Amino acid sequence: MFENFCEDNVIVHEVTTPYAPQHNGLAERRNRSLLDMTRSMLKIKKMPNTFWGEVVRTTTYILNRCPTKKLYQILEEIWLGSKQSARHLRVFGSLCYKHIPDAKKRKLGDKSEPMILVGYHEPGAYRLYHPLNHLIVISRDVKVYGNEYWDWNKKEKSYNITIPTIIEEEEQIEQVQIDIEVQNEVHVEENQVTGTSDRQMSVSTRLAGHEITPDNEINKEREFVHFALLAYSELINYEIAMTEEVWKNAMIEELNAININNTWELTKLPARKKAINVKWIFKLKLKPNGEVTKHKARLLARGFMQKDGMDYFEVYALVARLETVRLIVAITCGRN
Amino acid sequence: MILGVPKMEIPSTVCDTCLIGKQPRNAFSSSTTHRSKEVLNVVYSDVCGALEVRSLGGKKYFINFIDEFSKKILLYLINAKSEAFDMFQKFKVLVEKQSGKSIKILRIDGGGE
């Protein structure tokens with residue numbers, strides 16, 4: 001496939017001799033520089049290794065803006081033939097603050113949020129990583145602090161809490177309390193960010209004190225944090241229901257109820273009319289703690305099979321209408 | 001130097017036993033021949049990976065293309081080595097459009113890509 005492609009495009013495809021990566025020297029040497037830089041950049045900012053993709057991209061970006069030993073010119077300039085600027089380069093992985101656009105912010109909302117610089121975006125912008133909700137965003141309004149970095153071992157906003165080395169017991173307790181407060185704050189914040197609207201969302205009192213995670217959150221092993229196994233489920237199929245004793249009993253119960261209430265009477269089908277189908281609906285009634293209290297079956301008329309203008313108003317709900325009740329009351333009053 | 005050892009002469013003929021027993025690799029020339037007169041004459045490429053952790057986007061490899069003349073690198077993250085060919089096609093279109101030249105020689109190692 002590849003050979004054909006090369007032939008079609010008149011490209012000489014040189015495969016180096018086996019076990020001689022030295023023949024592919026330029027590529028191999030560059031790979032080494034790339035990985036060396038990647039490793040050092042990850043280490044100095046103590047970033048997790050999963051960031052290698054972003055780092056490797058940034059290293060190419062930087063290497064393309066550097067001269068080499070042989071060529072006393074910036075590579076990108078040879079390539080593009082125009083002068084390049086290095087004024088926008090910043091220290092990778094630094095803590096930085098991204099300006100929040102006015103449209104996305106309430107009057108008293110924060111004007112910026114902490115982010116991590118993870119790369120450059122072509123027309124003069126930066127790629128930023130949001131360490132709390134794990135998103136990559138692109139922004140041009142960024143203040144970068146080249147010496148600071150995010151503390152990856154803690155999930156909270158730990159960078160601005162300075163813990164003194166010698167503390168008395170009382171102070172220590174205070175410190176812990178502050179930590180907890182910060183933690184709560186962060187959780188609320190996470191909730192706000194994951195919501196689709198920009199409105200202020202507050203955690204309901206019922207959920208206060210619980211850790212709240214979004215439904216689709218995934219842990220480190222890429223498994224869902226939340227999942228539930230259904231012990232009992234409701235059936236949709238009549239055939240399957242017939243095979244199970246509980247559901248069969250439920251259906252018999254429903255039929256008896258219909259007979260007792262005189263819901264129907266049997267009539268002949270008018271000429272050239274179709275009968276409306278019926279359908280069984282199976283419902284599980286649960287106690288508040290999730291225990292099954294009752295299996296319930298309902299027989300329903302498939303009302304949507306009627307047609308507007310033909311037989312739409314022929315069928316009434318099984319419930320007494322308020323007007324009817326009122327009418328009966330009026331008649332009884334009138335005739336004493 | 002040592003008493004009693006007769007003077008030895010280095011044999012000028014090629015000896016079977018020597019070759020089988022201790023043939024070294026030929027030396028690589030320290031300076032590579034620079035063949036490019038302009039951009040995209042020769043392009044080197046190599047796939048690196050698999051790395052031990054996946055990147056944020058779930059990728060495991062990266063492939064780089066290096067132009068011999070400008071030494072400029074273009075780098076793509078890929079999921080598997082089989083994607084290398086797709087990436088080359090992508091790279092070729094991009095690069096030829098940018099420079100107005102076409103790739104003449106592509107040099108890669110035979111690592112299954």
# chains A, B, ... in the order shown; residues from 1 in each chain; ligands from 1
$ closest_atom_pairs --of "chain A" --to "chain B" --cutoff "8 Å" --atoms "only C-alpha atoms" --output "JSON lines"
{"residue": "A:Phe2", "atom": "CA", "partner": "B:Phe85", "partner_atom": "CA", "distance": 6.9}
{"residue": "A:Val10", "atom": "CA", "partner": "B:Lys104", "partner_atom": "CA", "distance": 7.1}
{"residue": "A:Ile11", "atom": "CA", "partner": "B:Lys104", "partner_atom": "CA", "distance": 4.9}
{"residue": "A:Val12", "atom": "CA", "partner": "B:Ile105", "partner_atom": "CA", "distance": 4.6}
{"residue": "A:His13", "atom": "CA", "partner": "B:Leu106", "partner_atom": "CA", "distance": 5.0}
{"residue": "A:Glu14", "atom": "CA", "partner": "B:Arg107", "partner_atom": "CA", "distance": 4.6}
{"residue": "A:Val15", "atom": "CA", "partner": "B:Asp109", "partner_atom": "CA", "distance": 5.3}
{"residue": "A:Thr16", "atom": "CA", "partner": "B:Asp109", "partner_atom": "CA", "distance": 4.9}
{"residue": "A:Thr17", "atom": "CA", "partner": "B:Asp109", "partner_atom": "CA", "distance": 7.5}
{"residue": "A:Pro18", "atom": "CA", "partner": "B:Gly110", "partner_atom": "CA", "distance": 7.0}
{"residue": "A:Pro21", "atom": "CA", "partner": "B:Asp109", "partner_atom": "CA", "distance": 6.9}
{"residue": "A:Gln22", "atom": "CA", "partner": "B:Phe28", "partner_atom": "CA", "distance": 7.7}
{"residue": "A:Asn24", "atom": "CA", "partner": "B:Ile108", "partner_atom": "CA", "distance": 6.5}
{"residue": "A:Leu26", "atom": "CA", "partner": "B:Tyr44", "partner_atom": "CA", "distance": 6.8}
{"residue": "A:Ala27", "atom": "CA", "partner": "B:Tyr44", "partner_atom": "CA", "distance": 5.6}
{"residue": "A:Glu28", "atom": "CA", "partner": "B:Asp46", "partner_atom": "CA", "distance": 6.9}
{"residue": "A:Asn31", "atom": "CA", "partner": "B:Cys48", "partner_atom": "CA", "distance": 7.3}
{"residue": "A:Asn49", "atom": "CA", "partner": "B:Val53", "partner_atom": "CA", "distance": 6.8}
{"residue": "A:Thr50", "atom": "CA", "partner": "B:Ser55", "partner_atom": "CA", "distance": 4.6}
{"residue": "A:Phe51", "atom": "CA", "partner": "B:Ser55", "partner_atom": "CA", "distance": 5.8}
{"residue": "A:Trp52", "atom": "CA", "partner": "B:Ser55", "partner_atom": "CA", "distance": 5.9}
{"residue": "A:Gly53", "atom": "CA", "partner": "B:Ser55", "partner_atom": "CA", "distance": 5.1}
{"residue": "A:Glu54", "atom": "CA", "partner": "B:Ser55", "partner_atom": "CA", "distance": 7.9}
{"residue": "A:Arg57", "atom": "CA", "partner": "B:Leu75", "partner_atom": "CA", "distance": 6.9}
{"residue": "A:Thr60", "atom": "CA", "partner": "B:Ile73", "partner_atom": "CA", "distance": 6.4}
{"residue": "A:Leu63", "atom": "CA", "partner": "B:Ile73", "partner_atom": "CA", "distance": 7.9}
{"residue": "A:Asn64", "atom": "CA", "partner": "B:Lys72", "partner_atom": "CA", "distance": 5.7}
{"residue": "A:Leu75", "atom": "CA", "partner": "B:Lys72", "partner_atom": "CA", "distance": 5.4}
{"residue": "A:Glu76", "atom": "CA", "partner": "B:Lys72", "partner_atom": "CA", "distance": 6.5}
{"residue": "A:Ile78", "atom": "CA", "partner": "B:Ser70", "partner_atom": "CA", "distance": 5.7}
{"residue": "A:Trp79", "atom": "CA", "partner": "B:Ser70", "partner_atom": "CA", "distance": 6.0}
{"residue": "A:Leu80", "atom": "CA", "partner": "B:Ser99", "partner_atom": "CA", "distance": 7.6}
$ select_by_dssp --residues "region 4-110 of chain B" --states "strand (DSSP E)" --output "list in words"
Val42, Val43, Tyr44, Ser45, Asp46, Val47, Cys48, Tyr61, Phe62, Ile63, Asn64, Phe65, Ile66, Asp67, Ile73, Leu74, Leu75, Tyr76, Leu77, Ile78, Ile105, Leu106, Arg107 and Ile108 of chain B
$ closest_residue --among "A:Thr332, A:Leu135, A:Arg326, A:Arg298" --to "Glu254 (chain A)" --atoms "only C-alpha atoms"
A:Arg298
$ atom_distance --atom1 "CA of Cys96 (chain A)" --atom2 "CA of Lys83 (chain A)"
28.0 Å
$ atom_distance --atom1 "CA of Val55 (chain A)" --atom2 "CA of Val142 (chain A)"
18.8 Å
$ select_by_dssp --residues "chain B" --states "alpha helix (DSSP H)" --output "PyMOL selection string"
chain B and resi 16-22+84-99
$ write_last_selection --atoms "N, CA and C atoms" --output "short mmCIF file (atom, residue, chain, number, x, y, z; two decimals), in the first residue's frame"
data_model
loop_
_atom_site.label_atom_id
_atom_site.label_comp_id
_atom_site.auth_asym_id
_atom_site.auth_seq_id
_atom_site.Cartn_x
_atom_site.Cartn_y
_atom_site.Cartn_z
N ASP B 16 39.46 -16.76 7.76
CA ASP B 16 38.09 -17.20 8.05
C ASP B 16 37.75 -17.13 9.53
N THR B 17 38.62 -17.76 10.29
CA THR B 17 38.37 -17.87 11.72
C THR B 17 38.23 -16.49 12.36
N CYS B 18 39.10 -15.58 11.92
CA CYS B 18 39.04 -14.24 12.49
C CYS B 18 37.70 -13.58 12.21
N LEU B 19 37.21 -13.68 10.96
CA LEU B 19 35.95 -13.04 10.58
C LEU B 19 34.79 -13.61 11.36
N ILE B 20 34.77 -14.97 11.43
CA ILE B 20 33.65 -15.59 12.13
C ILE B 20 33.70 -15.28 13.62
N GLY B 21 34.90 -15.27 14.16
CA GLY B 21 35.05 -15.10 15.60
C GLY B 21 34.93 -13.67 16.08
N LYS B 22 35.37 -12.72 15.28
CA LYS B 22 35.45 -11.38 15.88
C LYS B 22 35.32 -10.22 14.89
N ALA B 84 0.66 5.39 10.92
CA ALA B 84 1.79 6.16 10.40
C ALA B 84 1.58 6.56 8.94
N PHE B 85 1.03 5.62 8.16
CA PHE B 85 0.85 5.89 6.74
C PHE B 85 -0.15 7.02 6.52
N ASP B 86 -1.27 6.96 7.26
CA ASP B 86 -2.27 8.03 7.16
C ASP B 86 -1.64 9.37 7.47
N MET B 87 -0.81 9.35 8.54
CA MET B 87 -0.19 10.60 8.97
C MET B 87 0.78 11.11 7.90
N PHE B 88 1.47 10.17 7.24
CA PHE B 88 2.39 10.60 6.19
C PHE B 88 1.63 11.30 5.07
N GLN B 89 0.50 10.72 4.71
CA GLN B 89 -0.31 11.35 3.65
C GLN B 89 -0.74 12.75 4.05
N LYS B 90 -1.17 12.86 5.31
CA LYS B 90 -1.60 14.14 5.85
C LYS B 90 -0.44 15.15 5.81
N PHE B 91 0.71 14.66 6.28
CA PHE B 91 1.92 15.48 6.33
C PHE B 91 2.31 15.96 4.94
N LYS B 92 2.24 15.02 3.97
CA LYS B 92 2.66 15.32 2.61
C LYS B 92 1.80 16.45 2.02
N VAL B 93 0.50 16.33 2.19
CA VAL B 93 -0.41 17.34 1.64
C VAL B 93 -0.13 18.70 2.27
N LEU B 94 -0.03 18.69 3.60
CA LEU B 94 0.18 19.93 4.34
C LEU B 94 1.45 20.63 3.92
N VAL B 95 2.52 19.82 3.88
CA VAL B 95 3.85 20.36 3.70
C VAL B 95 4.05 20.84 2.25
N GLU B 96 3.49 20.07 1.32
CA GLU B 96 3.66 20.45 -0.07
C GLU B 96 2.86 21.70 -0.40
N LYS B 97 1.73 21.84 0.28
CA LYS B 97 0.93 23.03 0.08
C LYS B 97 1.64 24.25 0.65
N GLN B 98 2.25 24.06 1.85
CA GLN B 98 2.92 25.17 2.51
C GLN B 98 4.12 25.68 1.72
N SER B 99 4.92 24.73 1.21
CA SER B 99 6.18 25.14 0.62
C SER B 99 6.13 25.26 -0.89
#
$ residues_around --residues "Lys279 (chain A)" --least-positions-apart "4" --cutoff "7 Å" --atoms "only C-alpha atoms" --output "PyMOL selection string"
chain A and resi 299-302
$ closest_residue --among "A:Lys104, A:Arg32, A:Tyr238, A:Tyr120" --to "Ile281 (chain A)" --atoms "only C-alpha atoms"
A:Tyr238
$ atom_distance --atom1 "CA of Ala20 (chain A)" --atom2 "CA of Ser33 (chain A)"
19.0 Å
$ residues_around --residues "Trp152 (chain A)" --least-positions-apart "6" --cutoff "8 Å" --atoms "only C-alpha atoms" --output "ChimeraX atom specification"
/A:46-48
$ write_last_selection --atoms "all heavy atoms" --output "PDB file, in the first residue's frame"
ATOM      1  N   LYS A  46       7.173  18.709  38.042  1.00  0.00           N
ATOM      2  CA  LYS A  46       6.564  17.581  38.770  1.00  0.00           C
ATOM      3  C   LYS A  46       5.198  17.212  38.199  1.00  0.00           C
ATOM      4  O   LYS A  46       4.228  16.991  38.931  1.00  0.00           O
ATOM      5  CB  LYS A  46       6.432  17.925  40.256  1.00  0.00           C
ATOM      6  CG  LYS A  46       7.768  18.167  40.940  1.00  0.00           C
ATOM      7  CD  LYS A  46       7.604  18.255  42.434  1.00  0.00           C
ATOM      8  CE  LYS A  46       8.912  18.352  43.168  1.00  0.00           C
ATOM      9  NZ  LYS A  46       9.673  19.581  42.874  1.00  0.00           N
ATOM     10  N   MET A  47       5.121  17.146  36.887  1.00  0.00           N
ATOM     11  CA  MET A  47       3.836  16.834  36.257  1.00  0.00           C
ATOM     12  C   MET A  47       3.688  15.333  36.086  1.00  0.00           C
ATOM     13  O   MET A  47       4.667  14.627  35.942  1.00  0.00           O
ATOM     14  CB  MET A  47       3.746  17.505  34.884  1.00  0.00           C
ATOM     15  CG  MET A  47       3.706  18.989  34.962  1.00  0.00           C
ATOM     16  SD  MET A  47       3.725  19.710  33.339  1.00  0.00           S
ATOM     17  CE  MET A  47       2.008  19.855  33.015  1.00  0.00           C
ATOM     18  N   PRO A  48       2.446  14.838  36.060  1.00  0.00           N
ATOM     19  CA  PRO A  48       2.251  13.407  35.799  1.00  0.00           C
ATOM     20  C   PRO A  48       2.635  13.065  34.357  1.00  0.00           C
ATOM     21  O   PRO A  48       2.528  13.904  33.465  1.00  0.00           O
ATOM     22  CB  PRO A  48       0.757  13.192  36.035  1.00  0.00           C
ATOM     23  CG  PRO A  48       0.143  14.524  36.154  1.00  0.00           C
ATOM     24  CD  PRO A  48       1.207  15.517  36.411  1.00  0.00           C
TER      25      PRO A  48
END
$ decode --residues "region 58-72 of chain B" --atoms "all heavy atoms" --output "PDB file, in the first residue's frame"
ATOM      1  N   GLY B  58      -5.177   9.828  24.964  1.00  0.00           N
ATOM      2  CA  GLY B  58      -5.187   8.379  24.833  1.00  0.00           C
ATOM      3  C   GLY B  58      -4.228   7.834  23.786  1.00  0.00           C
ATOM      4  O   GLY B  58      -4.356   6.702  23.355  1.00  0.00           O
ATOM      5  N   LYS B  59      -3.249   8.649  23.364  1.00  0.00           N
ATOM      6  CA  LYS B  59      -2.327   8.192  22.328  1.00  0.00           C
ATOM      7  C   LYS B  59      -1.107   7.492  22.942  1.00  0.00           C
ATOM      8  O   LYS B  59      -0.744   7.756  24.078  1.00  0.00           O
ATOM      9  CB  LYS B  59      -1.864   9.390  21.489  1.00  0.00           C
ATOM     10  CG  LYS B  59      -3.003  10.134  20.843  1.00  0.00           C
ATOM     11  CD  LYS B  59      -3.505   9.391  19.647  1.00  0.00           C
ATOM     12  CE  LYS B  59      -4.868   9.828  19.160  1.00  0.00           C
ATOM     13  NZ  LYS B  59      -5.075  11.220  18.955  1.00  0.00           N
ATOM     14  N   LYS B  60      -0.497   6.591  22.174  1.00  0.00           N
ATOM     15  CA  LYS B  60       0.636   5.836  22.710  1.00  0.00           C
ATOM     16  C   LYS B  60       1.930   6.081  21.933  1.00  0.00           C
ATOM     17  O   LYS B  60       3.003   5.765  22.405  1.00  0.00           O
ATOM     18  CB  LYS B  60       0.311   4.336  22.667  1.00  0.00           C
ATOM     19  CG  LYS B  60      -0.457   3.876  23.885  1.00  0.00           C
ATOM     20  CD  LYS B  60      -0.306   2.406  24.084  1.00  0.00           C
ATOM     21  CE  LYS B  60       0.264   2.098  25.439  1.00  0.00           C
ATOM     22  NZ  LYS B  60       0.110   0.686  25.812  1.00  0.00           N
ATOM     23  N   TYR B  61       1.844   6.543  20.710  1.00  0.00           N
ATOM     24  CA  TYR B  61       3.035   6.729  19.886  1.00  0.00           C
ATOM     25  C   TYR B  61       3.097   8.164  19.389  1.00  0.00           C
ATOM     26  O   TYR B  61       2.093   8.870  19.387  1.00  0.00           O
ATOM     27  CB  TYR B  61       2.965   5.838  18.638  1.00  0.00           C
ATOM     28  CG  TYR B  61       2.907   4.374  18.907  1.00  0.00           C
ATOM     29  CD1 TYR B  61       1.705   3.756  19.185  1.00  0.00           C
ATOM     30  CD2 TYR B  61       4.059   3.599  18.861  1.00  0.00           C
ATOM     31  CE1 TYR B  61       1.639   2.395  19.425  1.00  0.00           C
ATOM     32  CE2 TYR B  61       4.003   2.245  19.086  1.00  0.00           C
ATOM     33  CZ  TYR B  61       2.791   1.643  19.370  1.00  0.00           C
ATOM     34  OH  TYR B  61       2.751   0.308  19.605  1.00  0.00           O
ATOM     35  N   PHE B  62       4.273   8.571  18.938  1.00  0.00           N
ATOM     36  CA  PHE B  62       4.286   9.757  18.113  1.00  0.00           C
ATOM     37  C   PHE B  62       5.202   9.547  16.925  1.00  0.00           C
ATOM     38  O   PHE B  62       6.135   8.747  16.977  1.00  0.00           O
ATOM     39  CB  PHE B  62       4.645  11.026  18.896  1.00  0.00           C
ATOM     40  CG  PHE B  62       6.039  11.082  19.462  1.00  0.00           C
ATOM     41  CD1 PHE B  62       7.098  11.497  18.674  1.00  0.00           C
ATOM     42  CD2 PHE B  62       6.275  10.746  20.788  1.00  0.00           C
ATOM     43  CE1 PHE B  62       8.370  11.564  19.200  1.00  0.00           C
ATOM     44  CE2 PHE B  62       7.556  10.811  21.311  1.00  0.00           C
ATOM     45  CZ  PHE B  62       8.607  11.221  20.520  1.00  0.00           C
ATOM     46  N   ILE B  63       4.878  10.208  15.843  1.00  0.00           N
ATOM     47  CA  ILE B  63       5.674  10.070  14.626  1.00  0.00           C
ATOM     48  C   ILE B  63       6.192  11.459  14.273  1.00  0.00           C
ATOM     49  O   ILE B  63       5.473  12.447  14.416  1.00  0.00           O
ATOM     50  CB  ILE B  63       4.848   9.463  13.469  1.00  0.00           C
ATOM     51  CG1 ILE B  63       5.716   9.280  12.230  1.00  0.00           C
ATOM     52  CG2 ILE B  63       3.613  10.290  13.157  1.00  0.00           C
ATOM     53  CD1 ILE B  63       5.082   8.403  11.195  1.00  0.00           C
ATOM     54  N   ASN B  64       7.464  11.528  13.901  1.00  0.00           N
ATOM     55  CA  ASN B  64       7.961  12.833  13.491  1.00  0.00           C
ATOM     56  C   ASN B  64       8.524  12.781  12.078  1.00  0.00           C
ATOM     57  O   ASN B  64       9.023  11.754  11.619  1.00  0.00           O
ATOM     58  CB  ASN B  64       8.995  13.385  14.473  1.00  0.00           C
ATOM     59  CG  ASN B  64      10.126  12.424  14.709  1.00  0.00           C
ATOM     60  OD1 ASN B  64      10.347  11.532  13.915  1.00  0.00           O
ATOM     61  ND2 ASN B  64      10.827  12.600  15.803  1.00  0.00           N
ATOM     62  N   PHE B  65       8.361  13.860  11.374  1.00  0.00           N
ATOM     63  CA  PHE B  65       8.909  14.014  10.028  1.00  0.00           C
ATOM     64  C   PHE B  65       9.885  15.167  10.081  1.00  0.00           C
ATOM     65  O   PHE B  65       9.561  16.228  10.604  1.00  0.00           O
ATOM     66  CB  PHE B  65       7.803  14.329   9.032  1.00  0.00           C
ATOM     67  CG  PHE B  65       6.770  13.257   8.933  1.00  0.00           C
ATOM     68  CD1 PHE B  65       5.569  13.374   9.619  1.00  0.00           C
ATOM     69  CD2 PHE B  65       6.992  12.129   8.154  1.00  0.00           C
ATOM     70  CE1 PHE B  65       4.607  12.382   9.538  1.00  0.00           C
ATOM     71  CE2 PHE B  65       6.036  11.141   8.063  1.00  0.00           C
ATOM     72  CZ  PHE B  65       4.843  11.256   8.757  1.00  0.00           C
ATOM     73  N   ILE B  66      11.094  14.932   9.587  1.00  0.00           N
ATOM     74  CA  ILE B  66      12.099  15.983   9.649  1.00  0.00           C
ATOM     75  C   ILE B  66      12.624  16.257   8.255  1.00  0.00           C
ATOM     76  O   ILE B  66      13.035  15.344   7.541  1.00  0.00           O
ATOM     77  CB  ILE B  66      13.253  15.564  10.582  1.00  0.00           C
ATOM     78  CG1 ILE B  66      12.699  15.366  11.998  1.00  0.00           C
ATOM     79  CG2 ILE B  66      14.338  16.620  10.604  1.00  0.00           C
ATOM     80  CD1 ILE B  66      13.469  14.386  12.795  1.00  0.00           C
ATOM     81  N   ASP B  67      12.582  17.516   7.908  1.00  0.00           N
ATOM     82  CA  ASP B  67      13.089  17.938   6.613  1.00  0.00           C
ATOM     83  C   ASP B  67      14.591  18.144   6.729  1.00  0.00           C
ATOM     84  O   ASP B  67      15.054  18.823   7.647  1.00  0.00           O
ATOM     85  CB  ASP B  67      12.374  19.234   6.205  1.00  0.00           C
ATOM     86  CG  ASP B  67      13.034  19.860   5.008  1.00  0.00           C
ATOM     87  OD1 ASP B  67      13.327  19.107   4.064  1.00  0.00           O
ATOM     88  OD2 ASP B  67      13.252  21.085   5.041  1.00  0.00           O
ATOM     89  N   GLU B  68      15.355  17.516   5.822  1.00  0.00           N
ATOM     90  CA  GLU B  68      16.807  17.562   5.972  1.00  0.00           C
ATOM     91  C   GLU B  68      17.363  18.967   5.775  1.00  0.00           C
ATOM     92  O   GLU B  68      18.313  19.368   6.423  1.00  0.00           O
ATOM     93  CB  GLU B  68      17.485  16.601   4.988  1.00  0.00           C
ATOM     94  CG  GLU B  68      18.931  16.344   5.357  1.00  0.00           C
ATOM     95  CD  GLU B  68      19.690  15.591   4.274  1.00  0.00           C
ATOM     96  OE1 GLU B  68      19.622  16.007   3.108  1.00  0.00           O
ATOM     97  OE2 GLU B  68      20.326  14.593   4.611  1.00  0.00           O
ATOM     98  N   PHE B  69      16.764  19.711   4.910  1.00  0.00           N
ATOM     99  CA  PHE B  69      17.324  21.027   4.591  1.00  0.00           C
ATOM    100  C   PHE B  69      17.115  22.016   5.732  1.00  0.00           C
ATOM    101  O   PHE B  69      18.062  22.618   6.223  1.00  0.00           O
ATOM    102  CB  PHE B  69      16.696  21.572   3.299  1.00  0.00           C
ATOM    103  CG  PHE B  69      17.243  22.906   2.907  1.00  0.00           C
ATOM    104  CD1 PHE B  69      18.522  22.988   2.364  1.00  0.00           C
ATOM    105  CD2 PHE B  69      16.510  24.068   3.075  1.00  0.00           C
ATOM    106  CE1 PHE B  69      19.052  24.208   1.997  1.00  0.00           C
ATOM    107  CE2 PHE B  69      17.040  25.289   2.714  1.00  0.00           C
ATOM    108  CZ  PHE B  69      18.313  25.363   2.173  1.00  0.00           C
ATOM    109  N   SER B  70      15.876  22.139   6.192  1.00  0.00           N
ATOM    110  CA  SER B  70      15.612  23.127   7.239  1.00  0.00           C
ATOM    111  C   SER B  70      15.682  22.516   8.629  1.00  0.00           C
ATOM    112  O   SER B  70      15.683  23.231   9.617  1.00  0.00           O
ATOM    113  CB  SER B  70      14.240  23.758   7.028  1.00  0.00           C
ATOM    114  OG  SER B  70      13.233  22.809   7.266  1.00  0.00           O
ATOM    115  N   LYS B  71      15.723  21.213   8.716  1.00  0.00           N
ATOM    116  CA  LYS B  71      15.711  20.468   9.986  1.00  0.00           C
ATOM    117  C   LYS B  71      14.432  20.703  10.772  1.00  0.00           C
ATOM    118  O   LYS B  71      14.358  20.423  11.959  1.00  0.00           O
ATOM    119  CB  LYS B  71      16.919  20.847  10.866  1.00  0.00           C
ATOM    120  CG  LYS B  71      18.270  20.560  10.251  1.00  0.00           C
ATOM    121  CD  LYS B  71      18.646  19.128  10.458  1.00  0.00           C
ATOM    122  CE  LYS B  71      20.123  18.827  10.241  1.00  0.00           C
ATOM    123  NZ  LYS B  71      20.795  19.529   9.170  1.00  0.00           N
ATOM    124  N   LYS B  72      13.434  21.234  10.124  1.00  0.00           N
ATOM    125  CA  LYS B  72      12.177  21.472  10.821  1.00  0.00           C
ATOM    126  C   LYS B  72      11.468  20.158  11.108  1.00  0.00           C
ATOM    127  O   LYS B  72      11.465  19.246  10.286  1.00  0.00           O
ATOM    128  CB  LYS B  72      11.260  22.366   9.978  1.00  0.00           C
ATOM    129  CG  LYS B  72       9.942  22.678  10.656  1.00  0.00           C
ATOM    130  CD  LYS B  72       9.011  23.421   9.724  1.00  0.00           C
ATOM    131  CE  LYS B  72       7.552  23.200  10.058  1.00  0.00           C
ATOM    132  NZ  LYS B  72       7.096  23.896  11.238  1.00  0.00           N
TER     133      LYS B  72
END
